[in-house]
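The next block is final.txt, given as compact mmCIF, C-alpha atoms.
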# COMPACT_ATOMS: atom_id res chain seq x y z
CA MET A 476 2.93 -8.04 -4.73
CA ASP A 477 -0.29 -8.20 -6.73
CA VAL A 478 -1.92 -11.43 -7.78
CA ALA A 479 -2.63 -11.34 -11.50
CA PRO A 480 -6.32 -11.52 -12.39
CA ALA A 481 -7.85 -13.78 -15.00
CA GLY A 482 -11.43 -14.01 -16.20
CA GLY A 483 -13.84 -13.33 -13.36
CA ALA A 484 -11.02 -12.88 -10.84
CA GLN A 485 -10.05 -9.53 -9.37
CA PRO A 486 -6.46 -8.42 -8.71
CA VAL A 487 -5.52 -8.57 -5.05
CA ASN A 488 -2.37 -7.93 -3.01
CA GLN A 489 -0.80 -10.39 -0.59
CA THR A 490 -3.16 -9.45 2.24
CA GLY A 491 -6.16 -9.82 -0.05
CA GLN A 492 -4.92 -13.22 -1.22
CA ALA A 493 -4.52 -14.35 2.39
CA VAL A 494 -8.14 -13.36 2.99
CA LEU A 495 -9.29 -15.26 -0.12
CA ASP A 496 -7.40 -18.38 0.96
CA ALA A 497 -8.87 -18.10 4.45
CA THR A 498 -12.34 -17.73 2.95
CA LEU A 499 -12.04 -21.09 1.20
CA GLN A 500 -10.61 -22.67 4.34
CA VAL A 501 -13.54 -21.49 6.47
CA ILE A 502 -16.09 -22.51 3.85
CA GLY A 503 -14.58 -25.99 3.94
CA GLU A 504 -14.98 -26.07 7.71
CA ARG A 505 -18.37 -24.38 8.12
CA GLY A 506 -20.05 -24.28 4.71
CA VAL A 507 -20.98 -21.16 2.74
CA ARG A 508 -23.69 -20.01 5.15
CA GLY A 509 -21.59 -20.64 8.24
CA ALA A 510 -18.53 -18.81 6.93
CA THR A 511 -18.70 -15.49 8.79
CA THR A 512 -16.45 -12.55 8.02
CA ARG A 513 -15.23 -12.67 11.62
CA ALA A 514 -14.12 -16.30 11.29
CA ILE A 515 -12.49 -15.54 7.94
CA ALA A 516 -10.61 -12.57 9.38
CA GLN A 517 -9.34 -14.72 12.25
CA ALA A 518 -8.19 -17.44 9.86
CA ALA A 519 -6.38 -14.86 7.72
CA GLY A 520 -4.74 -13.22 10.71
CA VAL A 521 -6.28 -9.81 10.03
CA ASN A 522 -9.06 -7.77 11.61
CA GLU A 523 -12.57 -7.75 10.20
CA VAL A 524 -12.22 -4.14 9.01
CA THR A 525 -9.43 -5.26 6.67
CA VAL A 526 -11.75 -7.86 5.14
CA PHE A 527 -14.43 -5.24 4.46
CA ARG A 528 -11.88 -2.74 3.14
CA HIS A 529 -10.65 -5.24 0.55
CA PHE A 530 -13.93 -6.87 -0.45
CA GLY A 531 -16.83 -4.82 0.83
CA ASN A 532 -19.13 -7.59 2.01
CA LYS A 533 -19.37 -11.34 2.46
CA THR A 534 -21.05 -11.94 -0.90
CA ASN A 535 -18.28 -10.20 -2.85
CA LEU A 536 -15.66 -11.94 -0.72
CA ILE A 537 -16.95 -15.43 -1.49
CA GLN A 538 -17.39 -14.61 -5.16
CA SER A 539 -13.83 -13.30 -5.33
CA ALA A 540 -12.42 -16.36 -3.54
CA VAL A 541 -14.09 -18.83 -5.89
CA ASN A 542 -13.39 -16.78 -9.02
CA ASN A 543 -9.71 -16.39 -8.22
CA ARG A 544 -9.24 -20.09 -7.54
CA PHE A 545 -10.88 -21.11 -10.82
CA ALA A 546 -8.97 -18.40 -12.69
CA ALA A 547 -5.72 -19.84 -11.34
CA VAL A 548 -6.69 -23.28 -12.68
CA GLU A 549 -7.44 -21.76 -16.08
CA ARG A 550 -4.05 -20.01 -16.20
CA GLN A 551 -2.14 -23.09 -15.14
CA ALA A 552 -3.97 -25.95 -16.85
CA VAL A 553 -5.66 -24.80 -20.07
CA HIS A 554 -3.06 -24.57 -22.83
CA TYR A 555 -3.22 -25.41 -26.53
CA THR A 556 0.04 -26.84 -27.86
CA GLY A 557 -1.14 -29.02 -30.75
CA ASP A 558 -0.46 -32.21 -28.76
CA ILE A 559 -3.95 -33.29 -27.73
CA GLU A 560 -2.90 -35.96 -25.23
CA ALA A 561 -0.39 -33.68 -23.52
CA ASP A 562 -2.90 -30.83 -23.35
CA LEU A 563 -5.62 -33.06 -21.91
CA ALA A 564 -3.17 -34.53 -19.40
CA SER A 565 -2.21 -31.04 -18.25
CA LEU A 566 -5.88 -30.12 -17.96
CA ALA A 567 -6.80 -33.27 -16.04
CA GLN A 568 -3.89 -32.89 -13.64
CA GLY A 569 -4.64 -29.22 -13.01
CA ILE A 570 -8.35 -29.70 -12.39
CA HIS A 571 -7.79 -32.72 -10.15
CA ALA A 572 -5.13 -30.94 -8.09
CA ALA A 573 -7.31 -27.85 -7.67
CA LEU A 574 -10.44 -29.75 -6.69
CA ALA A 575 -8.54 -32.09 -4.36
CA ALA A 576 -6.99 -29.07 -2.63
CA LEU A 577 -10.45 -27.57 -2.20
CA GLY A 578 -11.83 -30.81 -0.75
CA PRO A 579 -14.90 -30.02 1.40
CA VAL A 580 -15.05 -26.54 -0.15
CA ALA A 581 -16.00 -28.06 -3.49
CA ARG A 582 -18.92 -29.93 -1.91
CA SER A 583 -20.13 -26.80 -0.11
CA VAL A 584 -19.87 -24.63 -3.21
CA PHE A 585 -21.69 -27.05 -5.51
CA ALA A 586 -24.36 -27.85 -2.91
CA GLU A 587 -25.07 -24.39 -1.47
CA LEU A 588 -24.54 -21.90 -4.29
CA PRO A 589 -27.68 -22.92 -6.21
CA LEU A 590 -29.66 -21.98 -3.07
CA ASP A 591 -28.40 -18.39 -3.21
CA PRO A 592 -28.98 -16.98 -6.73
CA GLN A 593 -27.53 -13.56 -5.83
CA LEU A 594 -24.28 -15.13 -4.68
CA ALA A 595 -24.14 -17.59 -7.56
CA ASP A 596 -24.78 -14.87 -10.15
CA GLY A 597 -21.43 -13.23 -9.44
CA ILE A 598 -19.37 -16.40 -9.63
CA ALA A 599 -18.08 -16.49 -13.19
CA GLY A 600 -14.90 -18.48 -12.56
CA PRO A 601 -16.31 -21.98 -13.23
CA ARG A 602 -18.17 -20.78 -16.34
CA GLU A 603 -15.05 -19.11 -17.71
CA LEU A 604 -12.90 -22.16 -16.99
CA PHE A 605 -15.39 -24.39 -18.80
CA GLY A 606 -15.52 -21.87 -21.64
CA ALA A 607 -11.73 -22.02 -22.02
CA VAL A 608 -11.84 -25.83 -21.97
CA SER A 609 -14.62 -25.78 -24.57
CA ALA A 610 -12.57 -23.49 -26.81
CA MET A 611 -9.55 -25.78 -26.62
CA LEU A 612 -11.57 -28.91 -27.32
CA GLY A 613 -13.42 -27.12 -30.12
CA ARG A 614 -10.11 -26.29 -31.77
CA TYR A 615 -9.13 -29.95 -31.75
CA GLN A 616 -12.54 -30.79 -33.22
CA ARG A 617 -11.99 -28.33 -36.07
CA GLU A 618 -8.59 -29.92 -36.69
CA GLY A 619 -10.24 -33.31 -37.02
CA LEU A 620 -8.65 -34.85 -33.92
CA LEU A 621 -11.88 -35.02 -31.93
CA ALA A 622 -15.22 -36.19 -33.28
CA ASP A 623 -17.95 -33.57 -33.50
CA GLU A 624 -19.85 -33.53 -30.20
CA PRO A 625 -21.62 -30.71 -28.31
CA ALA A 626 -19.62 -29.11 -25.51
CA GLY A 627 -22.54 -29.85 -23.19
CA SER A 628 -21.70 -33.55 -23.29
CA LEU A 629 -17.98 -33.32 -24.09
CA ILE A 630 -16.96 -31.28 -21.03
CA PRO A 631 -18.93 -33.36 -18.46
CA ALA A 632 -17.40 -36.49 -19.98
CA PHE A 633 -13.93 -35.12 -19.23
CA ILE A 634 -14.44 -33.25 -15.96
CA GLY A 635 -17.26 -35.34 -14.44
CA PRO A 636 -15.15 -38.36 -13.41
CA ILE A 637 -12.58 -36.05 -11.79
CA LEU A 638 -15.24 -34.13 -9.89
CA ILE A 639 -16.95 -37.29 -8.66
CA ARG A 640 -13.64 -38.63 -7.31
CA VAL A 641 -13.16 -35.47 -5.27
CA LEU A 642 -16.73 -35.18 -4.03
CA LEU A 643 -16.86 -38.83 -2.95
CA PHE A 644 -13.43 -39.42 -1.50
CA THR A 645 -11.74 -36.18 -0.36
CA ASP A 646 -12.37 -35.72 3.37
CA ASN A 647 -15.92 -36.95 2.94
CA PRO A 648 -17.40 -38.38 6.18
CA VAL A 649 -20.22 -40.03 4.27
CA ALA A 650 -18.11 -41.64 1.55
CA PRO A 651 -19.55 -44.94 0.32
CA PRO A 652 -18.37 -47.74 2.66
CA GLY A 653 -15.91 -50.17 1.18
CA LEU A 654 -14.84 -47.83 -1.61
CA THR A 655 -11.29 -46.54 -1.56
CA ALA A 656 -10.02 -43.89 -3.94
CA GLN A 657 -7.13 -45.07 -6.08
CA PRO A 658 -4.33 -42.69 -7.14
CA PHE A 659 -5.52 -40.51 -9.99
CA ASP A 660 -4.27 -41.99 -13.26
CA VAL A 661 -3.96 -38.95 -15.51
CA ARG A 662 -2.90 -40.83 -18.64
CA GLY A 663 -5.57 -43.48 -18.10
CA HIS A 664 -8.24 -40.81 -17.72
CA VAL A 665 -7.15 -39.11 -20.95
CA LYS A 666 -7.10 -42.43 -22.81
CA ARG A 667 -10.59 -43.32 -21.58
CA PHE A 668 -11.87 -39.89 -22.61
CA LEU A 669 -10.39 -40.11 -26.08
CA TYR A 670 -11.60 -43.65 -26.74
CA GLY A 671 -14.59 -43.31 -29.05
CA ARG A 672 -13.98 -39.57 -29.52
CA LEU A 673 -11.00 -39.74 -31.82
CA ALA A 674 -12.00 -39.00 -35.40
CA THR A 675 -10.46 -42.39 -36.32
CA PRO A 676 -10.45 -44.42 -33.08
CA GLN A 677 -7.17 -46.27 -32.76
CA ALA A 678 -8.80 -48.82 -30.47
CA ASP A 679 -10.84 -50.12 -33.43
CA GLN A 680 -7.79 -50.74 -35.59
CA ARG A 681 -7.46 -54.46 -34.91
CA PRO A 682 -5.41 -56.92 -36.99
CA THR A 683 -7.41 -58.72 -39.66
CA GLU A 684 -8.21 -62.27 -38.57
CA VAL A 685 -6.98 -65.00 -40.84
CA GLY A 686 -9.07 -68.16 -41.06
CA PRO A 687 -7.70 -71.66 -40.67

Take the structure in the file and give it back as structure tokens.
Amino acid sequence: MDVAPAGGAQPVNQTGQAVLDATLQVIGERGVRGATTRAIAQAAGVNEVTVFRHFGNKTNLIQSAVNNRFAAVERQAVHYTGDIEADLASLAQGIHAALAALGPVARSVFAELPLDPQLADGIAGPRELFGAVSAMLGRYQREGLLADEPAGSLIPAFIGPILIRVLLFTDNPVAPPGLTAQPFDVRGHVKRFLYGRLATPQADQRPTEVGP
């Protein structure tokens, strides 16, 4: 059974998908640099030759693993229906679930990839996910439901709080002491994002005060 590609992802069969999943698992345990093809093969239950036959080398393997995971989030979470709150709730839930599942992998990817330009250059999944999110938000802007704001500030405003939750609290041995992550409130997150970004903010529609 093939896994359908999307964006920067490549189609893979069940064995290939097992290798990609194992790649993310080992990155979470050892970091990008410490994730050897031998360890990945062992985690996937295959021999190292199978890894090379499917992906060629470690660089392509890591790129494929990250691209496929982000492509899956795009397929599952980015949908335009005309209901802005429902669409943003679906997006928030999908991104949070994906990042929480990645856990330590997310920290390793965001911390180590900038140090390896060759590896980072082939990872298009995050860029394509953010592009799809930008397109959806841009459509709501054109419809007058979101105030005009550059994607460069709009997307971080939506995704940033979700990412910070995951980086700080998911299996993080150096999480700030005394801080405990609360359950992710999808509706609350969407409401906070929309406040001040609605073309006519509902929060400002207060009853007129009547004097004595």

Between CA of Tyr555 in chain A and CA of Pro636 in chain A, what distance in Å does the model show, to one decimal?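 CA of Pro636 in chain A lies at a distance of 22.0 Å from CA of Tyr555 in chain A.
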
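The interatomic distance for the pair CA of Arg550 in chain A and CA of Lys666 in chain A works out to 23.6 Å.
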
As lines of an AutoDock Vina configuration file, please report the centre and edge lengths, rounded to one decimal in Å, of the axis-aligned box that holds all listed atoms of range 559-573 of chain A with 3 Å of padding on each of the six sides.
center_x = -4.4
center_y = -31.9
center_z = -17.7
size_x = 14.0
size_y = 14.1
size_z = 26.1

What does the distance between CA of Ser539 in chain A and CA of Ala595 in chain A come to in Å, to one decimal place? 11.4 Å

Taking (-12.8, -19.0, -14.8) in the file's coordinates, which residues come within 10 Å, counting all atoms listed in the file, written as a PDB file with C-alpha atoms, in the coordinates of the input?
ATOM      1  CA  ALA A 481      -7.850 -13.780 -15.000  1.00  0.00           C
ATOM      2  CA  GLY A 482     -11.430 -14.010 -16.200  1.00  0.00           C
ATOM      3  CA  GLY A 483     -13.840 -13.330 -13.360  1.00  0.00           C
ATOM      4  CA  ALA A 484     -11.020 -12.880 -10.840  1.00  0.00           C
ATOM      5  CA  VAL A 541     -14.090 -18.830  -5.890  1.00  0.00           C
ATOM      6  CA  ASN A 542     -13.390 -16.780  -9.020  1.00  0.00           C
ATOM      7  CA  ASN A 543      -9.710 -16.390  -8.220  1.00  0.00           C
ATOM      8  CA  ARG A 544      -9.240 -20.090  -7.540  1.00  0.00           C
ATOM      9  CA  PHE A 545     -10.880 -21.110 -10.820  1.00  0.00           C
ATOM     10  CA  ALA A 546      -8.970 -18.400 -12.690  1.00  0.00           C
ATOM     11  CA  ALA A 547      -5.720 -19.840 -11.340  1.00  0.00           C
ATOM     12  CA  VAL A 548      -6.690 -23.280 -12.680  1.00  0.00           C
ATOM     13  CA  GLU A 549      -7.440 -21.760 -16.080  1.00  0.00           C
ATOM     14  CA  ARG A 550      -4.050 -20.010 -16.200  1.00  0.00           C
ATOM     15  CA  ILE A 598     -19.370 -16.400  -9.630  1.00  0.00           C
ATOM     16  CA  ALA A 599     -18.080 -16.490 -13.190  1.00  0.00           C
ATOM     17  CA  GLY A 600     -14.900 -18.480 -12.560  1.00  0.00           C
ATOM     18  CA  PRO A 601     -16.310 -21.980 -13.230  1.00  0.00           C
ATOM     19  CA  ARG A 602     -18.170 -20.780 -16.340  1.00  0.00           C
ATOM     20  CA  GLU A 603     -15.050 -19.110 -17.710  1.00  0.00           C
ATOM     21  CA  LEU A 604     -12.900 -22.160 -16.990  1.00  0.00           C
ATOM     22  CA  PHE A 605     -15.390 -24.390 -18.800  1.00  0.00           C
ATOM     23  CA  GLY A 606     -15.520 -21.870 -21.640  1.00  0.00           C
ATOM     24  CA  ALA A 607     -11.730 -22.020 -22.020  1.00  0.00           C
ATOM     25  CA  VAL A 608     -11.840 -25.830 -21.970  1.00  0.00           C
TER      26      VAL A 608
END

Looking at only C-alpha atoms, which of A:Arg508, A:Leu643, A:Asn532, A:Leu669 is the one that sits closest to Asp591 in chain A? A:Arg508

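Of the residues under consideration (A:Pro579, A:Thr556, A:Ile639, A:Gly597), A:Thr556 shows the shortest atom-to-atom contact distance to Leu612 in chain A when counting only C-alpha atoms.
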
For Ile559 in chain A, the nearest of the candidates A:Leu621, A:Ala581, A:Leu590, A:Ala510, counting only C-alpha atoms: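 The answer is A:Leu621, which sits nearest to Ile559 in chain A.
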
Looking at all atoms listed in the file, which of A:Arg513, A:Ala519, A:Leu588, A:Ala632 is the one that sits closest to Arg667 in chain A?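 Smallest distance to Arg667 in chain A is found for A:Ala632.
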
I want to know what sits within 10 Å of Ala514 in chain A, based on only C-alpha atoms, with residues of the same chain fewer than 3 positions away left out; could you give that as number ranges by chain? A: 497-498, 501-502, 505, 509-511, 517-520, 522-523

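With distances restricted to all atoms listed in the file, A:Val507 is the closest residue to Pro589 in chain A from A:Val487, A:Val507, A:Leu574, A:Ala626.
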
Restricting the calculation to all atoms listed in the file: of A:Val580, A:Asp558, A:Gly491, A:Ile634, which residue gets closest to Leu620 in chain A?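 Ranked by minimum distance to Leu620 in chain A, first place goes to A:Asp558.
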
Leaving out Phe633 in chain A and any residue of its chain fewer than 5 positions from it, which residues lie within 10 Å of it when counting only C-alpha atoms, given as a PyMOL selection string? chain A and resi 563+566-567+608+628+638+664-665+667-669
